[in-house]
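J.: There's a structure below that I have some questions on.
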Amino acid sequence: PFLSDVESLRKGFIKTTKGHQEFTVLLVGETGTGKTAFLSFLSNVLSGNGLGHYVDKENKGNEAGGGQRQSQTNAALLYEFPSQNNVLIRILDTPGFADTRGLTQDELHTQSIAETIRDSITNVHAILILTNGTVARFGATTDYVLATLMSMFPRTLVNNIGILFTNVASSLKVNFEYDSIPKVIPRDSLNLFYVDNPLALLKHYQDRRREKRPRKEMQKMRKDVEDAEEAALDMLVDFFDWLDSVKPQPTNDIVSLYYQTQEIETKIENILSRRKTISQEQRRLVDIRTKISRAKNVYCHSNCHIECGLDFTNDSRKLIGCSAMNGQTCKECGHSYLSHSHFSVLWQEEVYGTETFTDEETKRQFDNATTNADRKRVMRETVERKLAGIQEDISNATEGVSALVEGYASLSLSGSFTSHIHTTIKLLNVNLETLRHNASPPTTIEQMEQSIAALHDKLAVLEAAA
């Protein structure tokens, strides 16, 4: 049995179980699926406005403008719509994902959603995902959007997710293949709804009427609008009854997931930055180790020329041109140029990993060495300690990411931090092919290639942490 009915909804009345007087819904989806238009329709229904009295209730102050593929909503905004019998419907209208402004804009949208939930919503009854019902399968863009959404929401909300197919009045008109729905949403608890927004159709009808179309054509259009309204109200009966039946869930896990994601992203970026620096240091130390192994005589540890203008070199002959040299002999230490190297290394304290050692200690060991072989051993051991410390530093940082990722996976609907990255790469590859096909400027193509490469670098860090 249904609690609500179409005639009650026409008057703006929602029938609920006793005590259920407030419901909160998160409205999410891809750009261009009609979230804002659906919100306006819902507002009219709850205000008791009949078909002939519908008004446009879109919030112009929160619109971004732009084209059809750009989100028409600037930021997440919480609306409160009281029904005519004082049932409060709270709707968080969210910006559409995957618009033409790129991934950075989606990150801002995610932040806006998380912060609005944190500040204004303690419990949520439903997450309503809007998608275009006329599209046969989810493409790369929709896959990306759904992966983004699944990464934002915790497992506790799995039974509170509904999918609203727009631009279709019933399941008979849906072209969509249901096996495209993310597997994380149980098939035995799919909550599917369909709407061909009568408010959008009414606008088209009014435009045609101003064009003074033939009367018979206008009568048919009017009938189509009325049928769409009837079907949409019938859908709302199902939707409000479902809303009344679900158990509201606290939103603290949504906020927690967002901050976990930010912490993981920050640590990954730090690791990538550190790896770049460390890679250069490793190459330098390996070069030093090789030079030590090849050296016939090692005994000078003077910083002869700290501000040397020569480029880095392993060729001692090139050091004859250094201003510290007087011919083939160093003016600072008195040794031959053959005893010198251009390492860009000072005798000073350095810290790697958990071990701290000073070059003063290395110098003491070096000075106490009685043979050239011992001196080479001291220098080689110093380099090896530094190389081992670098590796320990990387390992410790990677282990920190691993623990965070495991915690995230146990909480998130996506079940994996990498799944969102994979779908993002898939989307960017599609966009890259489009850019190439359209003969876009080389700089634009290069930027897209760099974005894809950066995501592959992130995956490499996560795979190492697994």
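Residue numbers start at 1 in each chain; chains themselves are named A, B, ... in the order of the structure tokens; ligands are numbered from 1 in the order shown.
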May I have the residues within 12 Å of A:Val184 as JSON, numbers by chain, using only C-alpha atoms and disregarding those fewer than 3 positions away in the same chain?
T.: {"A": [146, 147, 149, 150, 151, 153, 154, 155, 156, 157, 158, 159, 161, 179, 180, 181, 187, 188, 189, 190, 412, 413, 414, 415, 416, 419]}
J.: Hey, can you spit out that residue selection with N, CA and C atoms as an mmCIF file, in the first residue's frame?
T.:
```
data_model
loop_
_atom_site.group_PDB
_atom_site.id
_atom_site.type_symbol
_atom_site.label_atom_id
_atom_site.label_comp_id
_atom_site.auth_asym_id
_atom_site.auth_seq_id
_atom_site.Cartn_x
_atom_site.Cartn_y
_atom_site.Cartn_z
ATOM 1 N N LEU A 146 30.265 8.427 -11.570
ATOM 2 C CA LEU A 146 29.804 7.446 -10.585
ATOM 3 C C LEU A 146 30.949 6.991 -9.685
ATOM 4 N N ALA A 147 32.132 6.809 -10.268
ATOM 5 C CA ALA A 147 33.288 6.434 -9.449
ATOM 6 C C ALA A 147 33.615 7.543 -8.452
ATOM 7 N N LEU A 149 31.433 9.638 -7.169
ATOM 8 C CA LEU A 149 30.388 9.601 -6.139
ATOM 9 C C LEU A 149 30.595 8.428 -5.185
ATOM 10 N N MET A 150 30.921 7.247 -5.745
ATOM 11 C CA MET A 150 31.135 6.078 -4.898
ATOM 12 C C MET A 150 32.333 6.281 -3.969
ATOM 13 N N SER A 151 33.302 7.085 -4.420
ATOM 14 C CA SER A 151 34.469 7.351 -3.577
ATOM 15 C C SER A 151 34.143 8.335 -2.454
ATOM 16 N N PHE A 153 31.120 8.461 -0.782
ATOM 17 C CA PHE A 153 30.114 8.010 0.173
ATOM 18 C C PHE A 153 30.517 6.709 0.860
ATOM 19 N N PRO A 154 30.150 6.564 2.141
ATOM 20 C CA PRO A 154 30.523 5.374 2.908
ATOM 21 C C PRO A 154 29.584 4.196 2.651
ATOM 22 N N ARG A 155 30.034 3.019 3.027
ATOM 23 C CA ARG A 155 29.255 1.787 2.849
ATOM 24 C C ARG A 155 27.931 1.827 3.610
ATOM 25 N N THR A 156 27.877 2.604 4.666
ATOM 26 C CA THR A 156 26.653 2.676 5.468
ATOM 27 C C THR A 156 25.472 3.214 4.668
ATOM 28 N N LEU A 157 25.749 3.875 3.534
ATOM 29 C CA LEU A 157 24.680 4.482 2.734
ATOM 30 C C LEU A 157 24.251 3.618 1.553
ATOM 31 N N VAL A 158 24.746 2.383 1.480
ATOM 32 C CA VAL A 158 24.488 1.564 0.289
ATOM 33 C C VAL A 158 23.001 1.337 0.049
ATOM 34 N N ASN A 159 22.202 1.241 1.104
ATOM 35 C CA ASN A 159 20.758 1.020 0.942
ATOM 36 C C ASN A 159 19.960 2.321 0.870
ATOM 37 N N ILE A 161 20.675 4.664 -1.490
ATOM 38 C CA ILE A 161 20.965 5.241 -2.805
ATOM 39 C C ILE A 161 19.821 4.964 -3.769
ATOM 40 N N ASP A 179 22.992 -3.287 -16.398
ATOM 41 C CA ASP A 179 24.228 -3.892 -15.905
ATOM 42 C C ASP A 179 25.372 -2.882 -15.854
ATOM 43 N N SER A 180 25.117 -1.661 -16.343
ATOM 44 C CA SER A 180 26.129 -0.605 -16.248
ATOM 45 C C SER A 180 26.163 0.040 -14.869
ATOM 46 N N ILE A 181 25.148 -0.217 -14.063
ATOM 47 C CA ILE A 181 25.102 0.358 -12.716
ATOM 48 C C ILE A 181 26.251 -0.224 -11.893
ATOM 49 N N ARG A 187 22.096 -5.501 -6.426
ATOM 50 C CA ARG A 187 21.036 -5.624 -7.427
ATOM 51 C C ARG A 187 19.668 -5.907 -6.808
ATOM 52 N N ASP A 188 19.657 -6.489 -5.619
ATOM 53 C CA ASP A 188 18.377 -6.807 -4.989
ATOM 54 C C ASP A 188 17.789 -5.617 -4.241
ATOM 55 N N SER A 189 18.512 -4.498 -4.231
ATOM 56 C CA SER A 189 17.977 -3.323 -3.532
ATOM 57 C C SER A 189 18.112 -2.061 -4.385
ATOM 58 N N LEU A 190 17.981 -2.226 -5.703
ATOM 59 C CA LEU A 190 18.021 -1.065 -6.587
ATOM 60 C C LEU A 190 16.747 -0.242 -6.416
ATOM 61 N N SER A 412 34.808 3.272 2.381
ATOM 62 C CA SER A 412 34.218 3.824 1.161
ATOM 63 C C SER A 412 33.401 2.806 0.376
ATOM 64 N N LEU A 413 32.343 3.290 -0.278
ATOM 65 C CA LEU A 413 31.542 2.444 -1.168
ATOM 66 C C LEU A 413 32.366 1.914 -2.331
ATOM 67 N N SER A 414 33.346 2.679 -2.779
ATOM 68 C CA SER A 414 34.153 2.255 -3.921
ATOM 69 C C SER A 414 35.013 1.050 -3.577
ATOM 70 N N GLY A 415 35.363 0.908 -2.298
ATOM 71 C CA GLY A 415 36.161 -0.233 -1.867
ATOM 72 C C GLY A 415 37.612 -0.170 -2.276
ATOM 73 N N SER A 416 38.003 0.881 -2.972
ATOM 74 C CA SER A 416 39.377 0.993 -3.452
ATOM 75 C C SER A 416 39.674 2.445 -3.782
ATOM 76 N N SER A 419 40.279 2.845 -7.823
ATOM 77 C CA SER A 419 39.216 2.721 -8.825
ATOM 78 C C SER A 419 38.857 4.074 -9.425
#
```
J.: May I ask which of the residues A:Leu435, A:Leu201, A:Met379, A:Leu192 is the closest one to A:Glu226, counting only C-alpha atoms?
T.: A:Leu201
J.: Quick one: residues within 12 Å of A:Thr33, only C-alpha atoms, excluding same-chain residues fewer than 3 positions away - as a PyMOL selection string?
T.: chain A and resi 27-30+36-39+68-72+95-99+129-135+142+145+163-168+195-197
J.: Please save C-alpha atoms of the selected residues as a PDB file, in the first residue's frame.
T.:
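Listing of selection22.pdb after writing:
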```
ATOM      1  CA  LEU A  27      20.975  15.395  -5.225  1.00  0.00           C
ATOM      2  CA  VAL A  28      24.043  14.372  -7.260  1.00  0.00           C
ATOM      3  CA  GLY A  29      25.010  13.482 -10.796  1.00  0.00           C
ATOM      4  CA  GLU A  30      26.712  14.344 -14.035  1.00  0.00           C
ATOM      5  CA  THR A  36      18.380  21.941 -11.061  1.00  0.00           C
ATOM      6  CA  ALA A  37      15.262  21.549 -13.227  1.00  0.00           C
ATOM      7  CA  PHE A  38      14.102  18.579 -11.124  1.00  0.00           C
ATOM      8  CA  LEU A  39      14.637  20.649  -7.999  1.00  0.00           C
ATOM      9  CA  GLN A  68      25.353  22.929 -21.699  1.00  0.00           C
ATOM     10  CA  ARG A  69      28.385  20.883 -20.676  1.00  0.00           C
ATOM     11  CA  GLN A  70      29.231  23.232 -17.804  1.00  0.00           C
ATOM     12  CA  SER A  71      27.569  22.763 -14.433  1.00  0.00           C
ATOM     13  CA  GLN A  72      24.801  25.308 -13.940  1.00  0.00           C
ATOM     14  CA  PRO A  95      27.289  21.022  -8.761  1.00  0.00           C
ATOM     15  CA  GLY A  96      27.427  18.629 -11.694  1.00  0.00           C
ATOM     16  CA  PHE A  97      30.634  16.672 -12.153  1.00  0.00           C
ATOM     17  CA  ALA A  98      32.699  16.332 -15.347  1.00  0.00           C
ATOM     18  CA  ASP A  99      31.889  19.667 -16.892  1.00  0.00           C
ATOM     19  CA  ILE A 129      21.796  10.041  -8.437  1.00  0.00           C
ATOM     20  CA  LEU A 130      20.427  11.592 -11.621  1.00  0.00           C
ATOM     21  CA  THR A 131      21.423  10.154 -14.999  1.00  0.00           C
ATOM     22  CA  ASN A 132      20.102  10.515 -18.531  1.00  0.00           C
ATOM     23  CA  GLY A 133      17.728   7.620 -19.243  1.00  0.00           C
ATOM     24  CA  THR A 134      17.973   8.040 -23.015  1.00  0.00           C
ATOM     25  CA  VAL A 135      21.640   6.983 -23.059  1.00  0.00           C
ATOM     26  CA  THR A 142      29.393   8.786 -16.479  1.00  0.00           C
ATOM     27  CA  VAL A 145      31.148  10.590 -12.259  1.00  0.00           C
ATOM     28  CA  ILE A 163      18.849   6.410  -9.201  1.00  0.00           C
ATOM     29  CA  LEU A 164      16.571   8.803 -11.071  1.00  0.00           C
ATOM     30  CA  PHE A 165      16.559   8.414 -14.861  1.00  0.00           C
ATOM     31  CA  THR A 166      15.708  11.745 -16.453  1.00  0.00           C
ATOM     32  CA  ASN A 167      14.105  12.475 -19.844  1.00  0.00           C
ATOM     33  CA  VAL A 168      12.053   9.260 -19.656  1.00  0.00           C
ATOM     34  CA  VAL A 195      10.911  11.304 -14.798  1.00  0.00           C
ATOM     35  CA  ASP A 196      10.357  13.314 -17.953  1.00  0.00           C
ATOM     36  CA  ASN A 197      10.289  16.672 -16.212  1.00  0.00           C
TER      37      ASN A 197
END
```
J.: Here is a test: counting only C-alpha atoms, which residue of A:Arg385, A:Leu51, A:Tyr144, A:Arg274 is nearest to A:Lys203?
T.: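 Of A:Arg385, A:Leu51, A:Tyr144, A:Arg274, the one nearest A:Lys203 is A:Leu51, counting only C-alpha atoms.
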J.: Closest to A:Ile421 among A:Gln249, A:Thr148, A:Thr104, A:Ser47, using only C-alpha atoms?
T.: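 Of the candidates, the smallest distance to A:Ile421 is held by A:Thr148.
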J.: Separation of atom CA of A:Pro82 and atom CA of A:Leu46, in Å?
T.: 6.7 Å
J.: Pick out the residues sitting within 9 Å of A:Val55, and hand them over as a list in words; count only C-alpha atoms, and ignore anything fewer than 2 positions along from it in its own chain.
T.: Ser40, Phe41, Asn44, Asn49, His53, Lys57 and Leu199 of chain A
J.: Please save N, CA and C atoms of the selected residues as a PDB file, in the first residue's frame.
T.:
```
ATOM      1  N   SER A  40      13.455  22.380  -9.213  1.00  0.00           N
ATOM      2  CA  SER A  40      12.414  23.387  -9.427  1.00  0.00           C
ATOM      3  C   SER A  40      11.035  22.734  -9.505  1.00  0.00           C
ATOM      4  N   PHE A  41      10.951  21.592 -10.191  1.00  0.00           N
ATOM      5  CA  PHE A  41       9.683  20.858 -10.285  1.00  0.00           C
ATOM      6  C   PHE A  41       9.219  20.413  -8.904  1.00  0.00           C
ATOM      7  N   ASN A  44       7.782  23.227  -6.862  1.00  0.00           N
ATOM      8  CA  ASN A  44       6.425  23.589  -7.285  1.00  0.00           C
ATOM      9  C   ASN A  44       5.392  22.628  -6.726  1.00  0.00           C
ATOM     10  N   ASN A  49       1.488  24.073  -6.319  1.00  0.00           N
ATOM     11  CA  ASN A  49       1.238  24.732  -7.606  1.00  0.00           C
ATOM     12  C   ASN A  49       0.770  23.717  -8.642  1.00  0.00           C
ATOM     13  N   HIS A  53       0.220  26.792 -12.962  1.00  0.00           N
ATOM     14  CA  HIS A  53       0.783  27.810 -12.072  1.00  0.00           C
ATOM     15  C   HIS A  53       2.244  27.524 -11.718  1.00  0.00           C
ATOM     16  N   LYS A  57      11.766  28.161 -10.187  1.00  0.00           N
ATOM     17  CA  LYS A  57      12.310  28.418  -8.858  1.00  0.00           C
ATOM     18  C   LYS A  57      13.811  28.162  -8.790  1.00  0.00           C
ATOM     19  N   LEU A 199       7.989  20.284 -16.026  1.00  0.00           N
ATOM     20  CA  LEU A 199       8.319  21.707 -16.021  1.00  0.00           C
ATOM     21  C   LEU A 199       9.131  22.075 -17.263  1.00  0.00           C
TER      22      LEU A 199
END
```
J.: Between A:Pro186, A:Thr94, A:Ala409, A:Ser112, which has the minimum distance to A:Gly34 (counting only C-alpha atoms)?
T.: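 Checking each candidate against A:Gly34, we get A:Thr94 as the closest.
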J.: One decimal, in Å: what's the spacing between atom CA of A:Val124 and atom CA of A:Leu26?
T.: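 About the pair atom CA of A:Val124 and atom CA of A:Leu26: they are 7.5 Å apart.
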